[in-house]
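Chemist: Provided below: model.txt, containing compact mmCIF, C-alpha atoms.
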# COMPACT_ATOMS: atom_id res chain seq x y z
CA MET S 1 -29.66 -22.52 -7.78
CA THR S 2 -27.00 -20.19 -6.41
CA ASP S 3 -25.77 -20.48 -2.83
CA ALA S 4 -28.08 -19.02 -0.20
CA SER S 5 -27.34 -15.39 0.66
CA PRO S 6 -29.03 -12.46 2.42
CA ALA S 7 -30.54 -11.53 -0.96
CA THR S 8 -32.99 -14.41 -1.03
CA ALA S 9 -36.75 -13.92 -1.25
CA ALA S 10 -38.56 -15.23 1.82
CA ARG S 11 -41.93 -14.87 0.11
CA VAL S 12 -43.06 -14.56 -3.50
CA VAL S 13 -46.46 -13.11 -4.39
CA ILE S 14 -47.52 -14.25 -7.86
CA VAL S 15 -50.25 -12.10 -9.41
CA ASN S 16 -52.26 -13.30 -12.40
CA ASP S 17 -55.68 -12.77 -13.96
CA ALA S 18 -56.76 -16.38 -13.57
CA SER S 19 -56.22 -19.69 -11.82
CA LEU S 20 -57.66 -21.69 -14.73
CA ALA S 21 -55.12 -22.07 -17.54
CA ARG S 22 -56.67 -21.07 -20.87
CA GLY S 23 -53.30 -19.94 -22.22
CA GLY S 24 -49.59 -20.00 -21.71
CA ALA S 25 -49.29 -17.06 -19.27
CA THR S 26 -51.58 -18.63 -16.68
CA ALA S 27 -50.01 -22.06 -17.15
CA LEU S 28 -46.60 -20.55 -16.42
CA ALA S 29 -47.87 -18.54 -13.44
CA LEU S 30 -49.30 -21.71 -11.90
CA LEU S 31 -46.16 -23.69 -12.71
CA SER S 32 -43.95 -21.08 -11.08
CA ALA S 33 -46.07 -21.17 -7.91
CA ARG S 34 -45.63 -24.93 -7.65
CA LEU S 35 -41.92 -24.95 -8.44
CA ILE S 36 -41.00 -22.04 -6.16
CA ALA S 37 -43.00 -23.49 -3.28
CA ALA S 38 -41.17 -26.80 -3.81
CA ARG S 39 -37.91 -24.92 -3.15
CA GLY S 40 -39.13 -24.05 0.36
CA ILE S 41 -40.09 -20.43 -0.36
CA ALA S 42 -43.45 -19.16 0.87
CA VAL S 43 -45.77 -18.43 -2.08
CA THR S 44 -49.00 -16.46 -2.32
CA TYR S 45 -50.98 -16.78 -5.56
CA VAL S 46 -53.22 -13.77 -6.20
CA THR S 47 -55.84 -14.41 -8.87
CA GLY S 48 -58.51 -12.23 -10.43
CA ASP S 49 -61.02 -15.08 -10.72
CA ALA S 50 -62.82 -17.03 -7.98
CA GLY S 51 -59.77 -19.15 -7.19
CA ASP S 52 -61.84 -22.34 -7.25
CA SER S 53 -60.21 -24.09 -10.21
CA PRO S 54 -58.63 -27.54 -9.80
CA ALA S 55 -55.22 -25.87 -10.15
CA ALA S 56 -56.00 -23.42 -7.33
CA ARG S 57 -57.17 -26.25 -5.11
CA ALA S 58 -53.95 -28.13 -5.87
CA LEU S 59 -51.91 -25.05 -4.93
CA ARG S 60 -53.68 -24.82 -1.58
CA ALA S 61 -53.10 -28.51 -0.97
CA GLY S 62 -49.40 -27.89 -1.63
CA GLY S 63 -49.18 -25.13 0.96
CA VAL S 64 -49.60 -22.12 -1.35
CA GLU S 65 -51.85 -19.34 -0.10
CA VAL S 66 -54.46 -18.38 -2.72
CA VAL S 67 -56.07 -14.92 -2.63
CA ALA S 68 -58.97 -14.51 -5.06
CA LEU S 69 -60.75 -11.39 -6.31
CA GLY S 70 -63.79 -13.30 -7.57
CA GLY S 71 -63.93 -11.41 -10.85
CA ALA S 72 -64.81 -12.51 -14.39
CA ARG S 73 -62.98 -12.24 -17.69
CA LEU S 74 -64.01 -9.36 -19.94
CA LEU S 75 -65.81 -11.64 -22.41
CA GLU S 76 -67.89 -13.07 -19.56
CA GLN S 77 -69.20 -9.65 -18.42
CA SER S 78 -71.82 -7.31 -19.81
CA ALA S 79 -70.60 -4.90 -22.48
CA LEU S 80 -70.84 -1.89 -20.14
CA LYS S 81 -69.10 -3.55 -17.21
CA SER S 82 -66.43 -4.97 -19.48
CA ALA S 83 -65.75 -1.55 -21.00
CA THR S 84 -65.29 0.12 -17.62
CA ALA S 85 -63.65 -2.62 -15.55
CA GLY S 86 -61.29 -3.48 -18.38
CA VAL S 87 -59.81 0.00 -18.29
CA TRP S 88 -59.78 0.31 -14.50
CA ASN S 89 -60.96 -2.32 -12.02
CA GLY S 90 -61.19 -0.59 -8.64
CA ALA S 91 -61.68 -3.89 -6.82
CA THR S 92 -58.20 -4.93 -7.90
CA ARG S 93 -56.59 -2.03 -6.10
CA ALA S 94 -58.53 -2.80 -2.91
CA MET S 95 -57.48 -6.47 -3.01
CA ILE S 96 -53.80 -5.69 -3.60
CA SER S 97 -53.87 -3.16 -0.75
CA ARG S 98 -54.97 -5.96 1.56
CA VAL S 99 -52.14 -8.17 0.27
CA LEU S 100 -49.60 -5.37 0.81
CA ALA S 101 -50.67 -5.11 4.44
CA GLN S 102 -48.63 -8.31 4.93
CA ASP S 103 -45.58 -6.97 3.05
CA THR S 104 -42.05 -7.52 4.32
CA PRO S 105 -38.70 -6.25 2.96
CA ASP S 106 -37.86 -9.73 1.64
CA THR S 107 -41.12 -10.22 -0.28
CA VAL S 108 -41.02 -10.10 -4.09
CA TYR S 109 -44.03 -9.56 -6.37
CA HIS S 110 -44.31 -11.18 -9.81
CA VAL S 111 -47.05 -10.10 -12.23
CA HIS S 112 -48.00 -12.43 -15.08
CA GLY S 113 -51.42 -11.67 -16.66
CA TRP S 114 -53.49 -8.54 -15.93
CA ALA S 115 -55.42 -7.58 -19.11
CA GLN S 116 -58.50 -9.83 -18.71
CA ILE S 117 -59.62 -9.09 -15.14
CA LEU S 118 -57.16 -7.14 -13.01
CA SER S 119 -56.68 -4.15 -15.37
CA PRO S 120 -54.03 -1.39 -15.17
CA ALA S 121 -55.28 -0.63 -11.65
CA LEU S 122 -53.02 -3.48 -10.56
CA PHE S 123 -49.89 -1.44 -11.21
CA ALA S 124 -51.17 1.59 -9.33
CA ALA S 125 -51.77 -0.72 -6.37
CA LEU S 126 -48.25 -2.21 -6.62
CA ALA S 127 -46.52 1.17 -6.86
CA PRO S 128 -45.39 1.12 -3.18
CA VAL S 129 -43.41 -2.09 -3.88
CA ALA S 130 -42.37 -1.25 -7.45
CA ARG S 131 -38.68 -1.89 -6.76
CA ARG S 132 -39.47 -5.47 -5.73
CA THR S 133 -41.85 -6.19 -8.61
CA VAL S 134 -41.18 -8.33 -11.70
CA ILE S 135 -43.56 -7.84 -14.64
CA HIS S 136 -43.61 -10.77 -17.05
CA ALA S 137 -44.02 -9.77 -20.70
CA HIS S 138 -45.71 -12.86 -22.14
CA ASP S 139 -46.95 -10.61 -24.95
CA LEU S 140 -46.61 -6.97 -25.99
CA PHE S 141 -49.53 -5.45 -24.06
CA LEU S 142 -46.99 -3.42 -22.06
CA ALA S 143 -46.36 -1.48 -25.27
CA CYS S 144 -49.12 -2.07 -27.83
CA PRO S 145 -52.90 -1.58 -27.46
CA ASN S 146 -53.73 -4.86 -29.25
CA GLY S 147 -50.93 -6.76 -27.54
CA VAL S 148 -49.20 -8.23 -30.59
CA TYR S 149 -47.88 -5.24 -32.55
CA HIS S 150 -49.77 -6.42 -35.62
CA ASP S 151 -52.19 -4.63 -37.95
CA TYR S 152 -55.01 -7.15 -38.27
CA ARG S 153 -56.81 -5.17 -40.98
CA ALA S 154 -53.76 -4.94 -43.23
CA ASP S 155 -52.57 -8.37 -42.04
CA ARG S 156 -48.99 -7.28 -41.50
CA PRO S 157 -46.70 -6.47 -38.56
CA CYS S 158 -47.13 -2.92 -37.27
CA THR S 159 -44.34 -0.34 -37.46
CA ARG S 160 -46.19 2.57 -35.81
CA THR S 161 -45.27 4.11 -32.47
CA PRO S 162 -47.81 2.87 -29.89
CA LEU S 163 -50.25 5.68 -28.97
CA GLY S 164 -48.63 7.97 -31.53
CA ALA S 165 -50.77 9.88 -34.03
CA ALA S 166 -50.56 7.16 -36.68
CA CYS S 167 -51.49 4.52 -34.11
CA LEU S 168 -54.49 6.48 -32.85
CA THR S 169 -55.92 7.06 -36.32
CA THR S 170 -55.43 3.51 -37.63
CA ASN S 171 -58.02 0.78 -37.26
CA CYS S 172 -55.81 -2.24 -36.63
CA ASP S 173 -58.18 -4.12 -34.34
CA LYS S 174 -59.60 -7.56 -35.14
CA GLN S 175 -63.13 -6.37 -34.33
CA SER S 176 -63.73 -2.66 -34.96
CA TYR S 177 -62.36 0.84 -34.64
CA PRO S 178 -64.45 1.57 -31.49
CA ARG S 179 -62.85 -1.50 -29.97
CA LYS S 180 -59.44 -0.10 -30.95
CA LEU S 181 -60.29 3.18 -29.20
CA TRP S 182 -61.25 1.25 -26.07
CA ARG S 183 -57.87 -0.49 -26.21
CA VAL S 184 -56.21 2.92 -26.55
CA ALA S 185 -58.01 4.11 -23.41
CA ARG S 186 -56.78 1.06 -21.52
CA GLN S 187 -53.24 1.59 -22.81
CA ALA S 188 -53.30 5.21 -21.67
CA ALA S 189 -54.43 4.06 -18.20
CA LEU S 190 -51.61 1.51 -18.20
CA ARG S 191 -49.00 4.15 -19.01
CA ARG S 192 -50.18 6.28 -16.11
CA ALA S 193 -50.16 3.37 -13.66
CA LEU S 194 -46.98 1.73 -15.01
CA ASP S 195 -44.95 4.88 -15.53
CA PRO S 196 -41.60 3.80 -17.06
CA ARG S 197 -39.93 6.55 -15.01
CA ALA S 198 -40.99 4.88 -11.76
CA PRO S 199 -38.53 2.47 -10.12
CA TRP S 200 -40.08 -0.82 -11.25
CA GLY S 201 -37.85 -3.83 -10.67
CA ARG S 202 -37.60 -5.86 -13.87
CA ILE S 203 -39.59 -6.65 -17.00
CA ALA S 204 -39.03 -10.31 -17.87
CA MET S 205 -39.22 -10.85 -21.65
CA ILE S 206 -39.74 -14.32 -23.06
CA HIS S 207 -37.58 -13.47 -26.09
CA PRO S 208 -34.82 -10.85 -26.52
CA LYS S 209 -36.38 -9.54 -29.75
CA MET S 210 -39.19 -8.03 -27.68
CA ALA S 211 -36.80 -5.41 -26.33
CA PRO S 212 -36.95 -2.81 -29.15
CA VAL S 213 -40.74 -2.48 -28.91
CA LEU S 214 -40.66 -2.13 -25.11
CA GLU S 215 -37.83 0.39 -25.26
CA ARG S 216 -39.74 2.41 -27.85
CA VAL S 217 -42.44 3.24 -25.30
CA GLY S 218 -39.94 4.22 -22.62
CA HIS S 219 -39.10 1.09 -20.66
CA PRO S 220 -35.36 1.40 -19.85
CA ALA S 221 -33.09 -1.20 -21.42
CA ALA S 222 -31.49 -1.86 -18.03
CA ARG S 223 -34.88 -2.95 -16.69
CA LEU S 224 -35.39 -5.60 -19.38
CA VAL S 225 -34.19 -9.14 -18.82
CA THR S 226 -34.71 -12.21 -21.01
CA LEU S 227 -36.25 -15.18 -19.23
CA ARG S 228 -36.94 -17.91 -21.74
CA ASN S 229 -39.96 -20.10 -21.07
CA PRO S 230 -39.63 -23.64 -19.79
CA ALA S 231 -40.84 -26.59 -21.84
CA GLU S 232 -40.97 -30.35 -21.56
CA ALA S 233 -41.41 -33.03 -24.19
CA TRP S 234 -44.82 -34.58 -24.76
CA ALA S 235 -43.29 -38.05 -24.58
CA ASP S 236 -40.46 -39.73 -22.68
CA THR S 237 -39.10 -41.43 -25.80
CA ARG S 238 -38.24 -39.83 -29.14
CA ILE S 239 -41.03 -39.72 -31.70
CA PRO S 240 -39.69 -41.47 -34.85
CA ALA S 241 -40.74 -38.58 -37.10
CA GLU S 242 -38.86 -40.06 -40.07
CA ALA S 243 -41.39 -42.92 -40.22
CA ASN S 244 -44.45 -40.62 -40.36
CA ARG S 245 -46.18 -38.64 -43.09
CA GLU S 246 -48.68 -36.38 -41.27
CA ILE S 247 -48.34 -32.71 -40.32
CA LEU S 248 -49.58 -31.56 -36.90
CA PHE S 249 -50.94 -28.20 -35.76
CA VAL S 250 -51.54 -27.53 -32.05
CA GLY S 251 -53.15 -24.29 -30.94
CA ARG S 252 -56.14 -21.99 -31.15
CA VAL S 253 -58.22 -22.54 -34.27
CA ALA S 254 -58.44 -18.87 -35.21
CA ARG S 255 -57.63 -16.61 -38.12
CA GLU S 256 -54.61 -15.01 -36.43
CA LYS S 257 -53.06 -18.47 -36.23
CA SER S 258 -53.55 -18.92 -40.01
CA VAL S 259 -55.42 -22.20 -39.60
CA ASP S 260 -57.69 -21.29 -42.53
CA ASP S 261 -54.69 -20.87 -44.85
CA LEU S 262 -53.13 -24.01 -43.39
CA CYS S 263 -56.12 -26.18 -44.28
CA ALA S 264 -56.19 -24.77 -47.81
CA ALA S 265 -52.45 -25.40 -48.13
CA ALA S 266 -52.76 -29.01 -46.94
CA ARG S 267 -55.42 -29.65 -49.58
CA GLN S 268 -53.31 -27.97 -52.27
CA ALA S 269 -50.23 -29.99 -51.31
CA GLY S 270 -52.09 -33.25 -50.74
CA VAL S 271 -50.74 -33.49 -47.19
CA SER S 272 -52.46 -35.21 -44.27
CA LEU S 273 -53.11 -32.62 -41.57
CA THR S 274 -54.27 -32.97 -37.96
CA VAL S 275 -55.48 -29.90 -36.06
CA VAL S 276 -55.44 -30.15 -32.27
CA GLY S 277 -57.21 -27.32 -30.48
CA ASP S 278 -60.41 -25.34 -30.43
CA GLY S 279 -61.50 -21.89 -31.48
CA PRO S 280 -63.96 -19.82 -33.50
CA LEU S 281 -63.03 -21.33 -36.89
CA ARG S 282 -63.14 -24.99 -35.91
CA GLU S 283 -66.73 -25.71 -36.93
CA SER S 284 -66.60 -23.93 -40.30
CA LEU S 285 -63.19 -25.32 -41.25
CA SER S 286 -64.19 -28.84 -40.23
CA ALA S 287 -67.16 -28.62 -42.60
CA ALA S 288 -65.09 -27.12 -45.43
CA TYR S 289 -62.15 -29.53 -45.10
CA PRO S 290 -63.49 -33.01 -44.25
CA GLU S 291 -60.10 -34.54 -45.13
CA VAL S 292 -58.46 -32.68 -42.22
CA THR S 293 -58.62 -34.31 -38.79
CA PHE S 294 -59.96 -31.86 -36.20
CA ALA S 295 -59.20 -33.41 -32.82
CA GLY S 296 -60.43 -30.57 -30.59
CA TRP S 297 -58.85 -29.66 -27.30
CA GLN S 298 -56.54 -32.36 -25.91
CA ASP S 299 -54.58 -32.81 -22.70
CA ARG S 300 -50.85 -33.60 -22.88
CA ALA S 301 -51.50 -37.33 -23.28
CA GLY S 302 -53.89 -36.63 -26.14
CA ILE S 303 -51.43 -34.30 -27.85
CA ALA S 304 -48.71 -36.95 -27.45
CA ALA S 305 -50.93 -39.55 -29.13
CA HIS S 306 -51.43 -37.34 -32.20
CA ALA S 307 -47.79 -36.23 -32.22
CA ALA S 308 -46.68 -39.87 -32.37
CA ARG S 309 -48.10 -40.04 -35.92
CA ALA S 310 -46.59 -36.75 -37.14
CA ARG S 311 -43.58 -36.02 -39.30
CA GLY S 312 -43.47 -32.48 -37.99
CA LEU S 313 -45.35 -29.65 -36.30
CA ILE S 314 -46.28 -26.45 -38.10
CA MET S 315 -46.75 -22.99 -36.52
CA PRO S 316 -48.24 -20.79 -39.27
CA THR S 317 -48.92 -17.62 -37.30
CA ARG S 318 -50.05 -14.42 -39.03
CA ALA S 319 -49.14 -12.16 -36.11
CA PRO S 320 -45.75 -11.88 -34.42
CA GLU S 321 -45.42 -14.79 -31.97
CA PRO S 322 -43.12 -13.99 -29.01
CA PHE S 323 -42.37 -17.61 -28.20
CA GLY S 324 -44.48 -20.56 -29.35
CA LEU S 325 -44.52 -23.12 -26.55
CA VAL S 326 -45.86 -25.90 -28.78
CA ALA S 327 -42.87 -25.56 -31.11
CA ALA S 328 -40.47 -26.06 -28.21
CA GLU S 329 -42.48 -29.01 -26.85
CA ALA S 330 -42.69 -30.61 -30.28
CA SER S 331 -38.96 -30.22 -30.91
CA LEU S 332 -38.09 -31.74 -27.52
CA SER S 333 -40.38 -34.66 -28.43
CA GLY S 334 -38.44 -35.31 -31.64
CA LEU S 335 -40.64 -33.52 -34.17
CA PRO S 336 -39.08 -31.17 -36.74
CA VAL S 337 -40.87 -27.82 -36.60
CA LEU S 338 -42.04 -25.59 -39.45
CA VAL S 339 -42.25 -21.99 -38.24
CA ALA S 340 -43.48 -18.85 -39.98
CA ASP S 341 -40.86 -16.11 -40.03
CA ARG S 342 -43.16 -13.83 -38.02
CA ALA S 343 -42.46 -16.02 -34.97
CA LEU S 344 -39.50 -14.68 -33.00
CA ILE S 345 -38.00 -18.16 -32.68
CA ALA S 346 -37.90 -18.72 -36.47
CA GLU S 347 -34.23 -17.81 -36.78
CA GLU S 348 -33.30 -20.15 -33.92
CA VAL S 349 -35.26 -23.02 -35.46
CA SER S 350 -33.34 -22.58 -38.70
CA SER S 351 -29.86 -21.95 -37.25
CA GLY S 352 -30.23 -24.72 -34.68
CA GLY S 353 -31.19 -27.30 -37.30
CA LEU S 354 -34.51 -27.98 -35.60
CA GLY S 355 -36.69 -27.59 -38.66
CA LEU S 356 -37.55 -25.02 -41.31
CA ALA S 357 -38.50 -21.34 -41.22
CA PHE S 358 -40.70 -20.12 -44.06
CA GLY S 359 -42.04 -16.79 -45.27
CA SER S 360 -45.46 -15.70 -44.05
CA GLY S 361 -46.94 -15.75 -47.53
CA GLY S 362 -50.30 -17.43 -46.99
CA THR S 363 -51.36 -20.67 -48.63
CA PRO S 364 -48.51 -21.04 -51.19
CA ALA S 365 -45.77 -20.64 -48.56
CA LEU S 366 -47.50 -23.09 -46.20
CA ALA S 367 -47.97 -25.65 -48.95
CA ALA S 368 -44.32 -25.36 -49.98
CA ALA S 369 -43.08 -25.77 -46.40
CA MET S 370 -45.18 -28.89 -45.77
CA THR S 371 -44.21 -30.38 -49.12
CA GLN S 372 -40.54 -29.79 -48.33
CA LEU S 373 -40.76 -31.63 -45.02
CA ILE S 374 -42.84 -34.52 -46.40
CA GLY S 375 -40.35 -34.94 -49.25
CA MET S 376 -37.24 -34.58 -47.11
CA PRO S 377 -35.10 -37.75 -46.97
CA ASP S 378 -35.97 -39.84 -43.92
CA GLU S 379 -32.35 -39.81 -42.79
CA LYS S 380 -32.32 -36.02 -42.61
CA VAL S 381 -35.65 -35.97 -40.75
CA HIS S 382 -34.15 -38.47 -38.30
CA GLN S 383 -31.17 -36.17 -37.73
CA ILE S 384 -33.45 -33.17 -37.02
CA SER S 385 -35.55 -35.33 -34.71
CA ASP S 386 -32.50 -36.50 -32.75
CA ARG S 387 -31.18 -32.95 -32.48
CA GLY S 388 -34.40 -31.67 -30.92
CA PHE S 389 -34.92 -34.62 -28.59
CA SER S 390 -31.34 -34.49 -27.29
CA ARG S 391 -31.60 -30.75 -26.51
CA THR S 392 -28.60 -30.01 -28.74
CA ALA S 393 -30.04 -26.54 -29.48
CA PRO S 394 -33.12 -26.21 -27.25
CA LEU S 395 -35.72 -23.52 -27.84
CA ALA S 396 -36.64 -23.44 -24.15
CA GLN S 397 -35.23 -24.01 -20.68
CA THR S 398 -35.91 -26.96 -18.45
CA PRO S 399 -38.37 -26.20 -15.63
CA GLU S 400 -35.52 -26.60 -13.14
CA ALA S 401 -33.31 -24.06 -14.92
CA TRP S 402 -36.28 -21.69 -15.22
CA THR S 403 -36.92 -21.91 -11.47
CA ASP S 404 -33.24 -21.21 -10.78
CA ALA S 405 -33.41 -18.13 -13.00
CA LEU S 406 -36.56 -16.87 -11.27
CA ILE S 407 -35.06 -17.23 -7.81
CA ASP S 408 -31.84 -15.51 -8.94
CA LEU S 409 -33.90 -12.68 -10.43
CA TYR S 410 -35.81 -12.21 -7.17
CA GLY S 411 -32.54 -12.19 -5.24
CA ASN S 412 -31.15 -9.49 -7.51
CA LEU S 413 -34.15 -7.27 -6.78
CA LEU S 414 -33.49 -7.57 -3.06
Would it be possible to restate this file's structure as structure tokens?
Modeler:
Amino acid sequence: MTDASPATAARVVIVNDASLARGGATALALLSARLIAARGIAVTYVTGDAGDSPAARALRAGGVEVVALGGARLLEQSALKSATAGVWNGATRAMISRVLAQDTPDTVYHVHGWAQILSPALFAALAPVARRTVIHAHDLFLACPNGVYHDYRADRPCTRTPLGAACLTTNCDKQSYPRKLWRVARQAALRRALDPRAPWGRIAMIHPKMAPVLERVGHPAARLVTLRNPAEAWADTRIPAEANREILFVGRVAREKSVDDLCAAARQAGVSLTVVGDGPLRESLSAAYPEVTFAGWQDRAGIAAHAARARGLIMPTRAPEPFGLVAAEASLSGLPVLVADRALIAEEVSSGGLGLAFGSGGTPALAAAMTQLIGMPDEKVHQISDRGFSRTAPLAQTPEAWTDALIDLYGNLL
């Protein structure tokens, strides 16, 4: 951390949809609250849910103030309420107004997730403190209606201008065209509330390659800053990947993650595959591929136990992946990583000697990548494993370095 100066935040208000981590954005929001509070800075965690999760209780026990809206995620609401509150949740604005009543000139606001409960109304509420607000771009919802800049119907990355004529007339949604139009309505509300011409503080990107898409919809380049995610190894000692012959997948068992193609590729290549995670395809794929081990959701200790038997981790995403936390965690644990070229970290995996990047070509490309790693000489696998475990070319920051960067960013806003 830099030396103390007048430009140091006395209080940080972290705003996020949830206090229960179902994904990476909430996990990072909670982590930041703990780490910043540990540095002696007052922290308020504002959550859209009831704020009664174990993580929220732990924050309170650690001296963090928790302010809860008491709302529900869109999928947990009726169709009508979800359709209206998802575009504009008036209760969010009222809650944030109460939080702003305690505002001081040395308070900084940091927004993580907003699309599931809080809605674009959050940004209208934060407009009075826009200059002291950081907006974390964990995905591309700040630019794209479906959040990933991917045409799910055509199964290819999108090249259209968000909310342009071609975007509006194209059904790219996973579910339906009416659902796409609802997303368009939400995106239009977001653009009004988060006007790029307003003096917002910073947009924190988790990868520099997100910048062109954000700039395309008007966010100034000077406002964008890269803040790479933190990651820690699953194990304290290096996993001897060179002695193993299994391939590991960790993540949501869903079509956009290409788990269906991955299972078919493992069968085609004759490779032992373990799938850690849950999702809509788990039951059907488990029935169709009895030779694949489906371990379900696991905590870090459970993931570590499966990783200890793996030669490498594979990330076969169909849609552009801004980061890929599991790839960084696996590499730091000593596992070579196989990454589809649609992941933004693919080039770094290849150039850093941390594994292999492969073309997003469905089953044949996945089978070839797994076969290449299984057949790679053990000595070379050992070298890749050592390189990842020793942080020679890390894909992520340490939590300590990430906290330093956050505090420096807040100081710059002040």
Chemist: Distance table requested - stretch 310-413 of chain S against stretch 23-37 of chain S, cut-off 9 Å, only C-alpha atoms: one row per qualifying residue with the closest atom pair and its distance in Å to one decimal, ordered by chain and rising residue number, as JSON lines.
Modeler:
{"residue": "S:Leu325", "atom": "CA", "partner": "S:Gly24", "partner_atom": "CA", "distance": 7.7}
{"residue": "S:Pro399", "atom": "CA", "partner": "S:Leu35", "partner_atom": "CA", "distance": 8.1}
{"residue": "S:Glu400", "atom": "CA", "partner": "S:Leu35", "partner_atom": "CA", "distance": 8.1}
{"residue": "S:Trp402", "atom": "CA", "partner": "S:Ser32", "partner_atom": "CA", "distance": 8.7}
{"residue": "S:Thr403", "atom": "CA", "partner": "S:Leu35", "partner_atom": "CA", "distance": 6.6}
{"residue": "S:Leu406", "atom": "CA", "partner": "S:Ser32", "partner_atom": "CA", "distance": 8.5}
{"residue": "S:Ile407", "atom": "CA", "partner": "S:Ile36", "partner_atom": "CA", "distance": 7.8}
Chemist: Find the distance between atom CA of S:Trp182 and atom CA of S:His136 and write it in Å to one decimal.
Modeler: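 Straight-line distance from atom CA of S:Trp182 to atom CA of S:His136 works out to 23.2 Å.
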Chemist: Kindly give the distance, in Å, that separates atom CA of S:Asn412 and atom CA of S:His110, rounded to a single decimal.
Modeler: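 These atoms are spaced 13.5 Å apart.
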Chemist: Could you tell me how far atom CA of S:Arg318 lies from atom CA of S:Gly359, in Å and to one decimal?
Modeler: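 Computing the Euclidean distance for atom CA of S:Arg318 and atom CA of S:Gly359 yields 10.4 Å.
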Chemist: Do you have, as CSV, the list of residues of stretch 234-322 of chain S lying at most 12 Å from stretch 192-210 of chain S, each with its nearest atom pair and that distance in Å to one decimal, counting only C-alpha atoms and ordered by chain then number?
Modeler:
residue,atom,partner,partner_atom,distance
S:Pro320,CA,S:Met210,CA,10.2
S:Glu321,CA,S:His207,CA,9.9
S:Pro322,CA,S:His207,CA,6.3
Chemist: Selected residues, C-alpha atoms, written as an mmCIF file, in the coordinates of the input, please.
Modeler:
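The new file out.cif reads:
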data_model
loop_
_atom_site.group_PDB
_atom_site.id
_atom_site.type_symbol
_atom_site.label_atom_id
_atom_site.label_comp_id
_atom_site.auth_asym_id
_atom_site.auth_seq_id
_atom_site.Cartn_x
_atom_site.Cartn_y
_atom_site.Cartn_z
ATOM 1 C CA PRO S 320 -45.750 -11.880 -34.420
ATOM 2 C CA GLU S 321 -45.420 -14.790 -31.970
ATOM 3 C CA PRO S 322 -43.120 -13.990 -29.010
#
Chemist: For stretch 160-174 of chain S, please output as an mmCIF file with C-alpha atoms, keeping the file's coordinate frame all residues within 8 Å (counting all atoms listed in the file; exclusion window: fewer than 6 positions along the same chain).
Modeler:
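The file below, part38.cif, is the result:
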data_model
loop_
_atom_site.group_PDB
_atom_site.id
_atom_site.type_symbol
_atom_site.label_atom_id
_atom_site.label_comp_id
_atom_site.auth_asym_id
_atom_site.auth_seq_id
_atom_site.Cartn_x
_atom_site.Cartn_y
_atom_site.Cartn_z
ATOM 1 C CA ALA S 143 -46.360 -1.480 -25.270
ATOM 2 C CA CYS S 144 -49.120 -2.070 -27.830
ATOM 3 C CA PRO S 145 -52.900 -1.580 -27.460
ATOM 4 C CA ASN S 146 -53.730 -4.860 -29.250
ATOM 5 C CA HIS S 150 -49.770 -6.420 -35.620
ATOM 6 C CA ASP S 151 -52.190 -4.630 -37.950
ATOM 7 C CA TYR S 152 -55.010 -7.150 -38.270
ATOM 8 C CA ARG S 153 -56.810 -5.170 -40.980
ATOM 9 C CA ALA S 154 -53.760 -4.940 -43.230
ATOM 10 C CA LYS S 180 -59.440 -0.100 -30.950
ATOM 11 C CA LEU S 181 -60.290 3.180 -29.200
ATOM 12 C CA VAL S 184 -56.210 2.920 -26.550
ATOM 13 C CA GLN S 187 -53.240 1.590 -22.810
ATOM 14 C CA ALA S 188 -53.300 5.210 -21.670
ATOM 15 C CA ARG S 216 -39.740 2.410 -27.850
ATOM 16 C CA VAL S 217 -42.440 3.240 -25.300
#
Chemist: Please identify all polymer residues within 12 Å of S:Thr92, counting only C-alpha atoms, omitting same-chain residues fewer than 5 positions from it, and present them as an MDAnalysis selection string.
Modeler: chainID S and resid 15:17 46:49 67:72 85:87 97:99 114:126
Chemist: Would you put the residues from that selection into a file with C-alpha atoms, as a JSON list (two decimals), in the coordinates of the input?
Modeler:
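Writing done, so here's selection_18.json:
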[["chain", "number", "residue", "atom", "x", "y", "z"],
["S", 15, "VAL", "CA", -50.25, -12.10, -9.41],
["S", 16, "ASN", "CA", -52.26, -13.30, -12.40],
["S", 17, "ASP", "CA", -55.68, -12.77, -13.96],
["S", 46, "VAL", "CA", -53.22, -13.77, -6.20],
["S", 47, "THR", "CA", -55.84, -14.41, -8.87],
["S", 48, "GLY", "CA", -58.51, -12.23, -10.43],
["S", 49, "ASP", "CA", -61.02, -15.08, -10.72],
["S", 67, "VAL", "CA", -56.07, -14.92, -2.63],
["S", 68, "ALA", "CA", -58.97, -14.51, -5.06],
["S", 69, "LEU", "CA", -60.75, -11.39, -6.31],
["S", 70, "GLY", "CA", -63.79, -13.30, -7.57],
["S", 71, "GLY", "CA", -63.93, -11.41, -10.85],
["S", 72, "ALA", "CA", -64.81, -12.51, -14.39],
["S", 85, "ALA", "CA", -63.65, -2.62, -15.55],
["S", 86, "GLY", "CA", -61.29, -3.48, -18.38],
["S", 87, "VAL", "CA", -59.81, 0.00, -18.29],
["S", 97, "SER", "CA", -53.87, -3.16, -0.75],
["S", 98, "ARG", "CA", -54.97, -5.96, 1.56],
["S", 99, "VAL", "CA", -52.14, -8.17, 0.27],
["S", 114, "TRP", "CA", -53.49, -8.54, -15.93],
["S", 115, "ALA", "CA", -55.42, -7.58, -19.11],
["S", 116, "GLN", "CA", -58.50, -9.83, -18.71],
["S", 117, "ILE", "CA", -59.62, -9.09, -15.14],
["S", 118, "LEU", "CA", -57.16, -7.14, -13.01],
["S", 119, "SER", "CA", -56.68, -4.15, -15.37],
["S", 120, "PRO", "CA", -54.03, -1.39, -15.17],
["S", 121, "ALA", "CA", -55.28, -0.63, -11.65],
["S", 122, "LEU", "CA", -53.02, -3.48, -10.56],
["S", 123, "PHE", "CA", -49.89, -1.44, -11.21],
["S", 124, "ALA", "CA", -51.17, 1.59, -9.33],
["S", 125, "ALA", "CA", -51.77, -0.72, -6.37],
["S", 126, "LEU", "CA", -48.25, -2.21, -6.62]]
